[in-house]
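A quick write-up on the structure given underneath.
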Amino acid sequence: MKLELSKQQKAALSSYGRSVLGAVLAVAATGNYAADDLLKAAIAAALPPLLRWANPNDPAFGRVKKKKSRRP
């Protein structure tokens, strides 16, 4: 079974990956290595990519306003 991702899905996943890395490193940098806190940081890292996906003015992740065709 091969999983094929679109360019937009790859962009969203890489954005989430960067967010996870930053959030987990920020928690770890405080000296907190508790697994549940690191997991909370990884879950919270989903928020920025989700906000971009929900924004119809941000074409990066594929949720854009569809242009209505005008009929004469």
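Chain labels A, B, ... are given in the sequence in which chains occur in the structure tokens; within each chain residues are numbered consecutively from 1, and ligands are likewise numbered from 1 in the order shown.
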
Hey, what's within 10 Å of segment 4-17 of chain A if we count only C-alpha atoms and toss same-chain stuff fewer than 5 positions away? As JSON, numbers by chain, please? {"A": [22, 23, 42, 43, 45, 46, 47, 48, 49, 50, 52, 53, 59, 60, 61, 62, 63]}

Print the selection's residues with C-alpha atoms to a file, as a compact mmCIF listing (two decimals), in the first residue's frame.
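See again25.txt below for the written result:
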```txt
# COMPACT_ATOMS: atom_id res chain seq x y z
CA GLY A 22 9.70 23.94 17.89
CA ALA A 23 7.07 23.28 20.55
CA ALA A 42 3.10 18.18 20.10
CA ILE A 43 -0.70 18.34 20.11
CA ALA A 45 1.66 22.39 17.60
CA ALA A 46 -1.24 21.37 15.36
CA LEU A 47 -2.90 24.74 15.89
CA PRO A 48 -0.82 26.89 13.47
CA PRO A 49 -1.26 24.56 10.46
CA LEU A 50 -4.97 24.15 11.28
CA ARG A 52 -3.72 28.21 8.00
CA TRP A 53 -5.94 25.45 6.58
CA PRO A 59 -3.71 29.24 -0.56
CA ALA A 60 -0.78 27.21 0.82
CA PHE A 61 -2.79 24.30 2.22
CA GLY A 62 -5.54 23.97 -0.33
CA ARG A 63 -8.58 25.50 1.32
```

DSSP says alpha helix (DSSP H) for which residues of chain A? Put them as a PDB file with C-alpha atoms, in the first residue's frame?
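Result saved to states-v7.pdb:
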```pdb
ATOM      1  CA  LYS A   7       1.946  19.046  -2.714  1.00  0.00           C
ATOM      2  CA  GLN A   8      -0.484  20.815  -0.406  1.00  0.00           C
ATOM      3  CA  GLN A   9      -0.673  17.849   1.970  1.00  0.00           C
ATOM      4  CA  LYS A  10       3.116  17.605   2.041  1.00  0.00           C
ATOM      5  CA  ALA A  11       3.349  21.329   2.807  1.00  0.00           C
ATOM      6  CA  ALA A  12       0.839  20.987   5.645  1.00  0.00           C
ATOM      7  CA  LEU A  13       2.652  17.983   7.127  1.00  0.00           C
ATOM      8  CA  SER A  14       6.042  19.657   6.934  1.00  0.00           C
ATOM      9  CA  SER A  15       4.582  22.778   8.560  1.00  0.00           C
ATOM     10  CA  TYR A  16       3.152  20.622  11.351  1.00  0.00           C
ATOM     11  CA  GLY A  17       6.510  18.869  11.717  1.00  0.00           C
ATOM     12  CA  ARG A  18       8.307  22.184  12.145  1.00  0.00           C
ATOM     13  CA  SER A  19       5.694  23.306  14.670  1.00  0.00           C
ATOM     14  CA  VAL A  20       6.060  20.063  16.631  1.00  0.00           C
ATOM     15  CA  LEU A  21       9.820  20.341  16.669  1.00  0.00           C
ATOM     16  CA  GLY A  22       9.702  23.938  17.890  1.00  0.00           C
ATOM     17  CA  ALA A  23       7.074  23.276  20.552  1.00  0.00           C
ATOM     18  CA  VAL A  24       8.710  20.131  21.913  1.00  0.00           C
ATOM     19  CA  LEU A  25      12.150  21.758  21.979  1.00  0.00           C
ATOM     20  CA  ALA A  26      10.709  24.788  23.786  1.00  0.00           C
ATOM     21  CA  VAL A  27       9.198  22.573  26.495  1.00  0.00           C
ATOM     22  CA  ALA A  28      12.379  20.512  26.763  1.00  0.00           C
ATOM     23  CA  ALA A  29      14.512  23.671  26.977  1.00  0.00           C
ATOM     24  CA  ALA A  35       6.304  12.656  28.402  1.00  0.00           C
ATOM     25  CA  ASP A  36       2.792  13.995  28.970  1.00  0.00           C
ATOM     26  CA  ASP A  37       3.982  17.605  28.718  1.00  0.00           C
ATOM     27  CA  LEU A  38       5.958  16.873  25.553  1.00  0.00           C
ATOM     28  CA  LEU A  39       2.858  15.189  24.102  1.00  0.00           C
ATOM     29  CA  LYS A  40       0.746  18.248  24.994  1.00  0.00           C
ATOM     30  CA  ALA A  41       3.269  20.435  23.171  1.00  0.00           C
ATOM     31  CA  ALA A  42       3.096  18.177  20.104  1.00  0.00           C
ATOM     32  CA  ILE A  43      -0.704  18.343  20.114  1.00  0.00           C
ATOM     33  CA  ALA A  44      -0.684  22.127  20.574  1.00  0.00           C
ATOM     34  CA  LEU A  47      -2.897  24.744  15.892  1.00  0.00           C
ATOM     35  CA  PRO A  48      -0.821  26.893  13.468  1.00  0.00           C
ATOM     36  CA  PRO A  49      -1.262  24.555  10.456  1.00  0.00           C
ATOM     37  CA  LEU A  50      -4.968  24.149  11.278  1.00  0.00           C
ATOM     38  CA  LEU A  51      -5.415  27.909  11.387  1.00  0.00           C
ATOM     39  CA  ARG A  52      -3.718  28.214   7.998  1.00  0.00           C
ATOM     40  CA  TRP A  53      -5.936  25.446   6.585  1.00  0.00           C
ATOM     41  CA  ALA A  54      -9.084  27.177   7.854  1.00  0.00           C
TER      42      ALA A  54
END
```
